[in-house]
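Undergrad: Input file: upload.tsv. Contents: TSV, C-alpha atoms.
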```tsv
chain	number	residue	atom	x	y	z
A	1351	MET	CA	43.90	16.68	13.67
A	1352	GLU	CA	40.47	18.16	14.30
A	1353	GLU	CA	38.46	16.12	16.76
A	1354	THR	CA	36.00	17.55	19.22
A	1355	VAL	CA	36.37	16.07	22.68
A	1356	SER	CA	33.45	16.13	25.12
A	1357	TYR	CA	33.72	18.72	27.92
A	1358	ARG	CA	32.89	15.90	30.32
A	1359	VAL	CA	36.19	14.18	29.41
A	1360	TYR	CA	38.18	17.31	30.31
A	1361	TRP	CA	36.54	17.65	33.70
A	1362	MET	CA	36.91	13.94	34.45
A	1363	ILE	CA	40.64	14.32	33.75
A	1364	TRP	CA	40.66	17.35	36.04
A	1365	VAL	CA	39.25	15.19	38.85
A	1366	VAL	CA	41.84	12.44	38.20
A	1367	LEU	CA	44.66	15.03	38.20
A	1368	LEU	CA	43.48	16.47	41.51
A	1369	VAL	CA	43.14	13.02	43.10
A	1370	LEU	CA	46.67	12.11	41.93
A	1371	THR	CA	47.98	15.40	43.36
A	1372	LEU	CA	46.36	14.67	46.72
A	1373	ILE	CA	47.81	11.16	46.71
A	1374	MET	CA	51.27	12.58	45.93
A	1375	ILE	CA	51.05	15.05	48.82
A	1376	GLY	CA	49.64	12.34	51.12
A	1377	ILE	CA	52.52	9.97	50.33
A	1378	GLU	CA	54.71	12.18	52.53
A	1379	SER	CA	52.78	11.13	55.63
A	1380	LEU	CA	53.21	7.41	54.88
A	1381	SER	CA	56.43	5.84	56.06
A	1382	LEU	CA	57.47	4.45	52.66
A	1383	SER	CA	61.10	3.66	51.88
A	1384	THR	CA	62.92	6.29	49.78
A	1385	GLY	CA	62.97	4.00	46.73
A	1386	MET	CA	59.28	3.15	46.99
A	1387	GLY	CA	58.38	6.81	47.57
A	1388	ILE	CA	60.30	7.88	44.46
A	1389	LEU	CA	58.69	5.06	42.44
A	1390	VAL	CA	55.14	6.00	43.48
A	1391	LEU	CA	55.72	9.74	42.94
A	1392	SER	CA	57.39	9.21	39.55
A	1393	THR	CA	54.57	6.92	38.39
A	1394	ALA	CA	51.92	9.45	39.46
A	1395	MET	CA	53.93	12.22	37.75
A	1396	MET	CA	54.08	10.31	34.47
A	1397	ILE	CA	50.35	9.49	34.60
A	1398	LYS	CA	49.56	13.19	35.14
A	1399	ALA	CA	51.89	14.21	32.30
A	1400	THR	CA	50.27	11.64	29.96
A	1401	LEU	CA	46.76	12.90	30.80
A	1402	ILE	CA	47.73	16.53	30.18
A	1403	ALA	CA	49.67	15.88	26.95
A	1404	GLY	CA	47.26	13.24	25.63
A	1405	TRP	CA	43.88	14.80	26.31
A	1406	PHE	CA	44.31	18.47	27.25
A	1407	MET	CA	46.92	19.02	24.52
A	1408	HIS	CA	45.05	16.68	22.13
A	1409	LEU	CA	48.20	14.70	21.35
A	1410	LYS	CA	46.13	11.50	21.50
A	1411	TYR	CA	44.12	12.76	18.54
A	1412	GLU	CA	47.09	13.76	16.36
A	1413	THR	CA	48.62	11.44	13.77
A	1414	ARG	CA	50.75	8.61	15.15
A	1415	PHE	CA	53.76	10.04	13.31
A	1416	ILE	CA	53.61	13.45	15.00
A	1417	MET	CA	52.77	11.89	18.37
A	1418	LEU	CA	55.76	9.54	18.28
A	1419	THR	CA	58.10	12.24	16.94
A	1420	LEU	CA	57.22	14.70	19.72
A	1421	VAL	CA	57.02	12.22	22.58
A	1422	LEU	CA	60.13	10.21	21.67
A	1423	ALA	CA	62.22	13.35	20.99
A	1424	THR	CA	61.37	14.76	24.42
A	1425	LEU	CA	61.48	11.54	26.44
A	1426	LEU	CA	64.70	10.16	24.94
A	1427	THR	CA	66.61	13.42	25.30
A	1428	THR	CA	65.36	13.85	28.88
A	1429	ALA	CA	66.23	10.24	29.75
A	1430	PHE	CA	69.67	10.72	28.19
A	1431	LEU	CA	70.26	13.85	30.31
A	1432	VAL	CA	68.97	12.34	33.55
A	1433	PHE	CA	70.64	8.93	33.27
A	1434	LEU	CA	73.91	10.49	32.18
A	1435	LEU	CA	73.99	12.91	35.12
A	1436	ILE	CA	72.72	10.65	37.94
A	1437	PRO	CA	75.84	8.38	38.00
A	1438	ASP	CA	78.01	11.50	37.68
A	1439	GLY	CA	76.25	13.09	40.66
A	1440	ILE	CA	76.82	9.98	42.78
A	1441	ALA	CA	80.48	9.86	41.69
A	1442	ALA	CA	80.93	13.57	42.49
A	1443	HIS	CA	79.49	12.98	45.97
A	1444	ARG	CA	81.93	10.10	46.60
A	1445	MET	CA	84.83	12.28	45.47
A	1446	MET	CA	83.79	15.04	47.91
A	1447	GLU	CA	83.24	12.56	50.74
A	1448	TYR	CA	86.48	10.64	50.21
A	1449	PRO	CA	88.99	13.11	48.72
A	1450	ARG	CA	92.43	11.77	47.85
B	183	MET	CA	60.49	14.09	-14.42
B	184	SER	CA	58.32	11.86	-16.57
B	185	GLN	CA	54.64	11.36	-15.89
B	186	ALA	CA	55.37	7.79	-14.72
B	187	ASP	CA	58.00	9.04	-12.23
B	188	MET	CA	55.65	11.69	-10.89
B	189	THR	CA	52.89	9.13	-10.39
B	190	SER	CA	55.32	6.83	-8.62
B	191	SER	CA	56.55	9.59	-6.27
B	192	THR	CA	52.99	10.65	-5.53
B	193	ILE	CA	52.10	7.11	-4.54
B	194	SER	CA	55.14	6.66	-2.29
B	195	TRP	CA	54.72	10.08	-0.64
B	196	GLU	CA	51.25	9.60	0.92
B	197	GLY	CA	51.68	12.72	3.04
B	198	GLY	CA	49.50	14.85	0.79
B	199	VAL	CA	49.87	18.57	1.35
B	200	SER	CA	49.99	18.14	5.15
B	201	PRO	CA	52.32	15.30	6.13
B	202	PHE	CA	51.99	15.98	9.86
B	203	GLY	CA	48.22	16.30	9.68
B	204	MET	CA	48.33	19.79	11.20
B	205	SER	CA	48.87	23.41	10.18
B	206	TRP	CA	52.39	24.83	10.15
B	207	GLN	CA	51.47	27.21	12.97
B	208	LYS	CA	50.51	24.33	15.23
B	209	LEU	CA	53.55	22.30	14.18
B	210	MET	CA	55.87	25.22	14.98
B	211	MET	CA	54.17	25.66	18.37
B	212	TRP	CA	54.88	21.99	19.09
B	213	VAL	CA	58.51	22.40	18.01
B	214	PHE	CA	58.82	25.40	20.32
B	215	LEU	CA	57.24	23.48	23.20
B	216	VAL	CA	59.59	20.52	22.72
B	217	THR	CA	62.64	22.81	22.80
B	218	ASP	CA	61.26	24.61	25.86
B	219	ALA	CA	60.59	21.25	27.54
B	220	LEU	CA	64.21	20.27	26.92
B	221	LEU	CA	65.33	23.51	28.56
B	222	PHE	CA	63.41	22.57	31.71
B	223	ALA	CA	64.70	18.99	31.39
B	224	GLY	CA	68.21	20.46	31.49
B	225	PHE	CA	67.34	22.48	34.62
B	226	LEU	CA	65.85	19.49	36.42
B	227	ALA	CA	68.66	17.11	35.37
B	228	SER	CA	71.29	19.57	36.63
B	229	TYR	CA	69.25	19.94	39.84
B	230	LEU	CA	69.33	16.14	40.30
B	231	PHE	CA	73.07	16.13	39.67
B	232	ILE	CA	73.79	18.85	42.25
B	233	ARG	CA	71.46	17.26	44.78
B	234	LEU	CA	73.17	13.87	44.46
B	235	ALA	CA	76.63	15.45	44.48
B	236	ASN	CA	75.82	17.32	47.72
B	237	GLY	CA	74.59	14.23	49.52
B	238	THR	CA	72.62	16.20	52.11
B	239	TRP	CA	69.60	18.22	51.04
B	240	PRO	CA	67.02	20.15	53.07
B	241	ASP	CA	63.73	18.38	53.85
B	242	GLN	CA	61.24	20.19	51.61
B	243	GLY	CA	58.48	19.67	54.17
B	244	ASP	CA	60.44	21.81	56.64
B	245	VAL	CA	61.16	24.59	54.15
B	246	PHE	CA	58.10	24.95	51.96
B	247	ASN	CA	54.54	25.80	52.88
B	248	MET	CA	53.06	22.61	51.39
B	249	PRO	CA	49.36	23.60	51.69
B	250	LEU	CA	50.26	26.72	49.65
B	251	ILE	CA	52.09	24.63	47.04
B	252	GLY	CA	49.12	22.25	46.94
B	253	LEU	CA	46.78	25.22	46.37
B	254	MET	CA	49.03	26.54	43.58
B	255	THR	CA	48.91	23.11	41.93
B	256	PHE	CA	45.13	22.97	42.28
B	257	ILE	CA	44.78	26.42	40.67
B	258	LEU	CA	47.05	25.53	37.75
B	259	ILE	CA	45.33	22.18	37.07
B	260	THR	CA	41.94	23.90	37.21
B	261	SER	CA	43.13	26.60	34.80
B	262	SER	CA	44.25	23.86	32.42
B	263	ALA	CA	40.76	22.33	32.52
B	264	THR	CA	39.15	25.73	31.85
B	265	MET	CA	41.59	26.24	28.95
B	266	ALA	CA	40.68	22.84	27.47
B	267	THR	CA	37.00	23.86	27.75
B	268	ALA	CA	37.80	27.17	26.02
B	269	VAL	CA	39.49	25.34	23.12
B	270	GLY	CA	36.52	22.95	22.89
B	271	SER	CA	34.12	25.93	22.79
B	272	ALA	CA	36.21	27.67	20.12
B	273	HIS	CA	36.18	24.53	17.95
B	274	ARG	CA	32.40	24.31	18.32
B	275	GLY	CA	32.11	27.95	17.23
B	276	ASN	CA	30.81	29.08	20.64
B	277	LEU	CA	32.83	32.30	20.84
B	278	LYS	CA	31.09	33.64	23.95
B	279	SER	CA	31.91	30.50	25.95
B	280	ALA	CA	35.49	30.48	24.61
B	281	ILE	CA	36.05	34.07	25.78
B	282	ARG	CA	34.57	33.27	29.19
B	283	PHE	CA	36.78	30.24	29.74
B	284	VAL	CA	39.92	31.96	28.38
B	285	SER	CA	39.22	34.71	30.94
B	286	TYR	CA	38.83	32.14	33.75
B	287	THR	CA	42.16	30.64	32.68
B	288	ALA	CA	43.86	34.05	32.79
B	289	LEU	CA	42.37	34.61	36.24
B	290	GLY	CA	43.72	31.22	37.37
B	291	GLY	CA	47.17	32.14	36.05
B	292	ALA	CA	47.07	35.49	37.85
B	293	ILE	CA	46.07	33.81	41.14
B	294	PHE	CA	48.92	31.30	40.67
B	295	LEU	CA	51.37	34.19	40.22
B	296	GLY	CA	50.02	35.90	43.34
B	297	LEU	CA	50.50	32.70	45.35
B	298	GLN	CA	53.99	32.26	43.94
B	299	ALA	CA	54.85	35.82	44.97
B	300	THR	CA	53.60	34.94	48.48
B	301	GLU	CA	55.78	31.81	48.49
B	302	TRP	CA	58.87	33.75	47.35
B	303	THR	CA	58.22	36.45	49.97
B	304	GLN	CA	58.00	33.85	52.76
B	305	ILE	CA	61.18	32.09	51.61
B	306	ILE	CA	63.11	35.36	51.25
B	307	HIS	CA	61.96	36.53	54.71
B	308	GLU	CA	63.33	33.28	56.14
B	309	GLY	CA	66.75	34.18	54.74
B	310	ALA	CA	66.92	32.49	51.34
B	311	ARG	CA	69.04	34.26	48.74
B	312	LEU	CA	70.30	33.27	45.30
B	313	SER	CA	73.66	32.21	46.71
B	314	SER	CA	72.82	31.22	50.30
B	315	ASN	CA	70.07	29.91	52.55
B	316	PRO	CA	69.63	28.86	56.18
B	317	TRP	CA	68.80	25.22	55.36
B	318	GLY	CA	72.02	23.85	53.88
B	319	PRO	CA	73.62	23.71	50.43
B	320	SER	CA	73.55	27.11	48.69
B	321	ALA	CA	72.48	25.36	45.47
B	322	PHE	CA	69.10	24.60	47.09
B	323	SER	CA	67.92	28.20	46.98
B	324	SER	CA	69.72	28.87	43.67
B	325	PHE	CA	67.74	26.09	41.99
B	326	PHE	CA	64.55	27.12	43.77
B	327	PHE	CA	64.68	30.68	42.46
B	328	MET	CA	65.90	29.64	38.99
B	329	ILE	CA	63.42	26.84	38.32
B	330	THR	CA	60.30	28.37	39.90
B	331	GLY	CA	61.27	31.80	38.58
B	332	PHE	CA	61.62	30.52	35.05
B	333	HIS	CA	58.31	28.67	35.29
B	334	GLY	CA	56.63	31.74	36.81
B	335	THR	CA	57.89	33.83	33.89
B	336	HIS	CA	56.21	31.37	31.54
B	337	VAL	CA	52.98	31.75	33.52
B	338	LEU	CA	53.26	35.54	33.39
B	339	ILE	CA	53.77	35.48	29.61
B	340	GLY	CA	50.86	33.01	29.34
B	341	VAL	CA	48.54	35.32	31.27
B	342	GLY	CA	49.49	38.17	28.91
B	343	ILE	CA	48.76	36.00	25.85
B	344	LEU	CA	45.45	34.80	27.36
B	345	ILE	CA	44.28	38.36	28.04
B	346	THR	CA	45.29	39.38	24.51
B	347	THR	CA	43.43	36.37	23.07
B	348	ALA	CA	40.28	37.16	25.07
B	349	LEU	CA	40.38	40.78	23.87
B	350	ARG	CA	41.03	39.74	20.25
B	351	ALA	CA	38.20	37.19	20.42
B	352	ARG	CA	35.87	39.88	21.79
B	353	ALA	CA	36.85	42.07	18.84
B	354	GLY	CA	36.14	39.16	16.49
B	355	LYS	CA	39.78	38.81	15.46
B	356	ALA	CA	40.71	35.49	17.10
B	357	THR	CA	40.37	32.17	15.26
B	358	SER	CA	39.62	28.80	16.83
B	359	GLU	CA	43.12	27.67	15.89
B	360	GLY	CA	44.56	30.74	17.61
B	361	VAL	CA	42.75	29.74	20.81
B	362	GLU	CA	44.04	26.19	20.38
B	363	LEU	CA	47.66	27.40	20.06
B	364	VAL	CA	47.31	29.46	23.25
B	365	GLY	CA	45.81	26.36	24.85
B	366	LEU	CA	48.84	24.27	23.87
B	367	TYR	CA	51.14	26.80	25.51
B	368	TRP	CA	49.05	26.98	28.66
B	369	HIS	CA	48.80	23.19	29.06
B	370	PHE	CA	52.57	23.04	28.58
B	371	VAL	CA	53.01	25.42	31.52
B	372	ASP	CA	50.82	23.07	33.59
B	373	LEU	CA	52.77	20.03	32.31
B	374	ILE	CA	56.10	21.54	33.37
B	375	TRP	CA	54.65	22.33	36.80
B	376	VAL	CA	53.81	18.61	37.21
B	377	PHE	CA	57.52	17.82	36.87
B	378	ILE	CA	58.69	20.72	39.06
B	379	PHE	CA	56.11	19.92	41.73
B	380	THR	CA	57.22	16.27	41.89
B	381	THR	CA	60.99	16.57	41.56
B	382	PHE	CA	61.55	19.79	43.47
B	383	TYR	CA	58.84	19.87	46.15
B	384	LEU	CA	58.09	16.20	46.83
B	385	ILE	CA	61.02	13.90	46.02
```
Spell out the structure here as structure tokens.

TA:
Amino acid sequence: MEETVSYRVYWMIWVVLLVLTLIMIGIESLSLSTGMGILVLSTAMMIKATLIAGWFMHLKYETRFIMLTLVLATLLTTAFLVFLLIPDGIAAHRMMEYPR
Amino acid sequence: MSQADMTSSTISWEGGVSPFGMSWQKLMMWVFLVTDALLFAGFLASYLFIRLANGTWPDQGDVFNMPLIGLMTFILITSSATMATAVGSAHRGNLKSAIRFVSYTALGGAIFLGLQATEWTQIIHEGARLSSNPWGPSAFSSFFFMITGFHGTHVLIGVGILITTALRARAGKATSEGVELVGLYWHFVDLIWVFIFTTFYLI
């Protein structure tokens, strides 16, 4: 859908993306637990992805139908892949560590 | 079909001639990007599987030159912002500005590729190969070369398309929608890097 977005919005998003990137790199120097580190990094990653897809790729300005179709198709399939393989990976590790 | 049936179907359709509210070219670009995203999702999911199955994994901070990776990320994010500005200029009919910002984006992509070549050279000099590396599981370097190599190929193709678009725009052959389609592809390359950067370099 045609909608002209102000240049200022793009460059504000650029600043937010850079700040998030710096935070993500800086997280390494903090002594966070593995779980908390993964949670913070994953949240920052999803915020960055939303900003890029929503504003830079103009998905926010498309019809709700196309937005939901594209986002749900990608997210659900990715979640299916990841959550199917994570338990398998852990099980494979246990099998290698404790072979019969 | 009777006139009454046709009226009824017209009322229930409501999609008009463009049910997705976009041109077929743009819709097909989105379909391509979704399929390409799923390809990378497959790469990253298999990477997670192998990493969990191995148990031990090299500390990325010890292997990678993080300031270089940070610089690569900065360049790619900046090129995405210049691309968004180029698309905005094209939609406003400001062809000169669109060409300028498409050129900046291509330059950003080329710098990213140069930095990635530097990163690969450093890693290879330290002994990393497709099937072995000095830091631990052989899958570490296999995934590194596969995932970053595949992404780098996308960047390389993107730079080629950007240069072509800038030249076509200069010759008066590019449309604003054409610039927008290139923009979608380029932002996608940036989007994928966000996931690679987080899952491969940081987590």

Undergrad: Select, from A:Arg1358, A:Leu1380, A:Met1407, A:Met1417, the residue with the minimum atom-to-atom distance to chain B, counting all atoms listed in the file.

TA: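 Using all atoms listed in the file, chain B sits closest to A:Met1407.
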
Undergrad: Kindly determine which residues of chain A lie within 7 Å of chain B, considering all atoms listed in the file, and give the answer as a count of residues only.

TA: 28

Undergrad: If you count all atoms listed in the file, which residues fall within 9 Å of Ile1397 (chain A), apart from same-chain ones fewer than 4 positions away, as a PyMOL selection string?

TA: chain A and resi 1367+1370+1392-1393+1401-1402

Undergrad: Quick one: residues within 12 Å of Ile306 (chain B), all atoms listed in the file counted, chain neighbours fewer than 6 positions away excluded, as a PyMOL selection string?

TA: chain B and resi 245-246+299-300+312-316+323-324+326-327

Undergrad: What does the structure give for the distance between CA of His336 (chain B) and CA of Ala1423 (chain A), in Å to one decimal?

TA: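 It comes out at 21.7 Å.
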
Undergrad: How many Å lie between CA of Glu1412 (chain A) and CA of Leu289 (chain B), rounded to one decimal?

TA: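 Going from CA of Glu1412 (chain A) over to CA of Leu289 (chain B), I get 29.2 Å.
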
Undergrad: Have a look at CA of Glu301 (chain B) and CA of Leu250 (chain B) and let me know their distance in Å, one decimal.

TA: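 It comes out at 7.6 Å.
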
Undergrad: So that I can check the surroundings of Gly340 (chain B), please list as number ranges by chain every protein, DNA and RNA residue that reaches within 9 Å of it, counting all atoms listed in the file and ignoring chain neighbours fewer than 3 positions away.

TA: B: 288, 291, 335-337, 343-345, 364, 367-368, 371

Undergrad: Write region 1369-1394 of chain A as a JSON list (two decimals), in the coordinates of the input, completed to N, CA, C and O atoms.

TA:
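File produced: out35.json:
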```
[["chain", "number", "residue", "atom", "x", "y", "z"],
["A", 1369, "VAL", "N", 43.01, 14.18, 42.21],
["A", 1369, "VAL", "CA", 43.14, 13.02, 43.10],
["A", 1369, "VAL", "C", 44.61, 12.57, 43.14],
["A", 1369, "VAL", "O", 45.15, 12.30, 44.22],
["A", 1370, "LEU", "N", 45.25, 12.51, 41.97],
["A", 1370, "LEU", "CA", 46.67, 12.11, 41.93],
["A", 1370, "LEU", "C", 47.54, 13.09, 42.72],
["A", 1370, "LEU", "O", 48.47, 12.69, 43.44],
["A", 1371, "THR", "N", 47.22, 14.38, 42.61],
["A", 1371, "THR", "CA", 47.98, 15.40, 43.36],
["A", 1371, "THR", "C", 47.83, 15.19, 44.86],
["A", 1371, "THR", "O", 48.81, 15.24, 45.60],
["A", 1372, "LEU", "N", 46.59, 14.92, 45.29],
["A", 1372, "LEU", "CA", 46.36, 14.67, 46.72],
["A", 1372, "LEU", "C", 47.10, 13.43, 47.19],
["A", 1372, "LEU", "O", 47.68, 13.42, 48.28],
["A", 1373, "ILE", "N", 47.09, 12.39, 46.35],
["A", 1373, "ILE", "CA", 47.81, 11.16, 46.71],
["A", 1373, "ILE", "C", 49.30, 11.47, 46.85],
["A", 1373, "ILE", "O", 49.96, 11.03, 47.80],
["A", 1374, "MET", "N", 49.84, 12.25, 45.90],
["A", 1374, "MET", "CA", 51.27, 12.58, 45.93],
["A", 1374, "MET", "C", 51.64, 13.35, 47.20],
["A", 1374, "MET", "O", 52.68, 13.12, 47.81],
["A", 1375, "ILE", "N", 50.77, 14.29, 47.59],
["A", 1375, "ILE", "CA", 51.05, 15.05, 48.82],
["A", 1375, "ILE", "C", 50.90, 14.14, 50.04],
["A", 1375, "ILE", "O", 51.70, 14.20, 50.97],
["A", 1376, "GLY", "N", 49.90, 13.24, 50.00],
["A", 1376, "GLY", "CA", 49.64, 12.34, 51.12],
["A", 1376, "GLY", "C", 50.73, 11.31, 51.33],
["A", 1376, "GLY", "O", 50.91, 10.83, 52.44],
["A", 1377, "ILE", "N", 51.44, 10.97, 50.26],
["A", 1377, "ILE", "CA", 52.52, 9.97, 50.33],
["A", 1377, "ILE", "C", 53.54, 10.35, 51.41],
["A", 1377, "ILE", "O", 54.10, 9.49, 52.08],
["A", 1378, "GLU", "N", 53.72, 11.67, 51.57],
["A", 1378, "GLU", "CA", 54.71, 12.18, 52.53],
["A", 1378, "GLU", "C", 54.44, 11.66, 53.95],
["A", 1378, "GLU", "O", 55.35, 11.38, 54.70],
["A", 1379, "SER", "N", 53.13, 11.54, 54.26],
["A", 1379, "SER", "CA", 52.78, 11.13, 55.63],
["A", 1379, "SER", "C", 52.93, 9.62, 55.85],
["A", 1379, "SER", "O", 52.93, 9.15, 56.98],
["A", 1380, "LEU", "N", 53.01, 8.85, 54.75],
["A", 1380, "LEU", "CA", 53.21, 7.41, 54.88],
["A", 1380, "LEU", "C", 54.69, 7.13, 55.06],
["A", 1380, "LEU", "O", 55.53, 7.84, 54.50],
["A", 1381, "SER", "N", 55.00, 6.12, 55.84],
["A", 1381, "SER", "CA", 56.43, 5.84, 56.06],
["A", 1381, "SER", "C", 56.95, 4.84, 55.01],
["A", 1381, "SER", "O", 57.30, 3.71, 55.34],
["A", 1382, "LEU", "N", 56.95, 5.29, 53.74],
["A", 1382, "LEU", "CA", 57.47, 4.45, 52.66],
["A", 1382, "LEU", "C", 58.99, 4.58, 52.61],
["A", 1382, "LEU", "O", 59.55, 5.60, 53.03],
["A", 1383, "SER", "N", 59.65, 3.55, 52.07],
["A", 1383, "SER", "CA", 61.10, 3.66, 51.88],
["A", 1383, "SER", "C", 61.37, 4.70, 50.79],
["A", 1383, "SER", "O", 60.47, 5.02, 49.99],
["A", 1384, "THR", "N", 62.60, 5.23, 50.76],
["A", 1384, "THR", "CA", 62.92, 6.29, 49.78],
["A", 1384, "THR", "C", 62.67, 5.79, 48.36],
["A", 1384, "THR", "O", 62.05, 6.48, 47.55],
["A", 1385, "GLY", "N", 63.13, 4.57, 48.08],
["A", 1385, "GLY", "CA", 62.97, 4.00, 46.73],
["A", 1385, "GLY", "C", 61.51, 3.87, 46.35],
["A", 1385, "GLY", "O", 61.12, 4.25, 45.24],
["A", 1386, "MET", "N", 60.71, 3.35, 47.27],
["A", 1386, "MET", "CA", 59.28, 3.15, 46.99],
["A", 1386, "MET", "C", 58.58, 4.50, 46.83],
["A", 1386, "MET", "O", 57.74, 4.67, 45.94],
["A", 1387, "GLY", "N", 58.95, 5.47, 47.67],
["A", 1387, "GLY", "CA", 58.38, 6.81, 47.57],
["A", 1387, "GLY", "C", 58.66, 7.43, 46.20],
["A", 1387, "GLY", "O", 57.76, 7.97, 45.56],
["A", 1388, "ILE", "N", 59.91, 7.32, 45.77],
["A", 1388, "ILE", "CA", 60.30, 7.88, 44.46],
["A", 1388, "ILE", "C", 59.54, 7.17, 43.33],
["A", 1388, "ILE", "O", 59.06, 7.80, 42.40],
["A", 1389, "LEU", "N", 59.39, 5.84, 43.47],
["A", 1389, "LEU", "CA", 58.69, 5.06, 42.44],
["A", 1389, "LEU", "C", 57.23, 5.49, 42.33],
["A", 1389, "LEU", "O", 56.72, 5.75, 41.23],
["A", 1390, "VAL", "N", 56.57, 5.62, 43.48],
["A", 1390, "VAL", "CA", 55.14, 6.00, 43.48],
["A", 1390, "VAL", "C", 54.97, 7.42, 42.93],
["A", 1390, "VAL", "O", 54.12, 7.67, 42.07],
["A", 1391, "LEU", "N", 55.83, 8.35, 43.40],
["A", 1391, "LEU", "CA", 55.72, 9.74, 42.94],
["A", 1391, "LEU", "C", 56.02, 9.87, 41.45],
["A", 1391, "LEU", "O", 55.32, 10.58, 40.73],
["A", 1392, "SER", "N", 57.04, 9.14, 40.97],
["A", 1392, "SER", "CA", 57.39, 9.21, 39.55],
["A", 1392, "SER", "C", 56.28, 8.63, 38.69],
["A", 1392, "SER", "O", 55.97, 9.16, 37.61],
["A", 1393, "THR", "N", 55.67, 7.53, 39.16],
["A", 1393, "THR", "CA", 54.57, 6.92, 38.39],
["A", 1393, "THR", "C", 53.39, 7.90, 38.31],
["A", 1393, "THR", "O", 52.84, 8.12, 37.22],
["A", 1394, "ALA", "N", 53.03, 8.49, 39.45],
["A", 1394, "ALA", "CA", 51.92, 9.45, 39.46],
["A", 1394, "ALA", "C", 52.25, 10.64, 38.56],
["A", 1394, "ALA", "O", 51.38, 11.13, 37.83]]
```
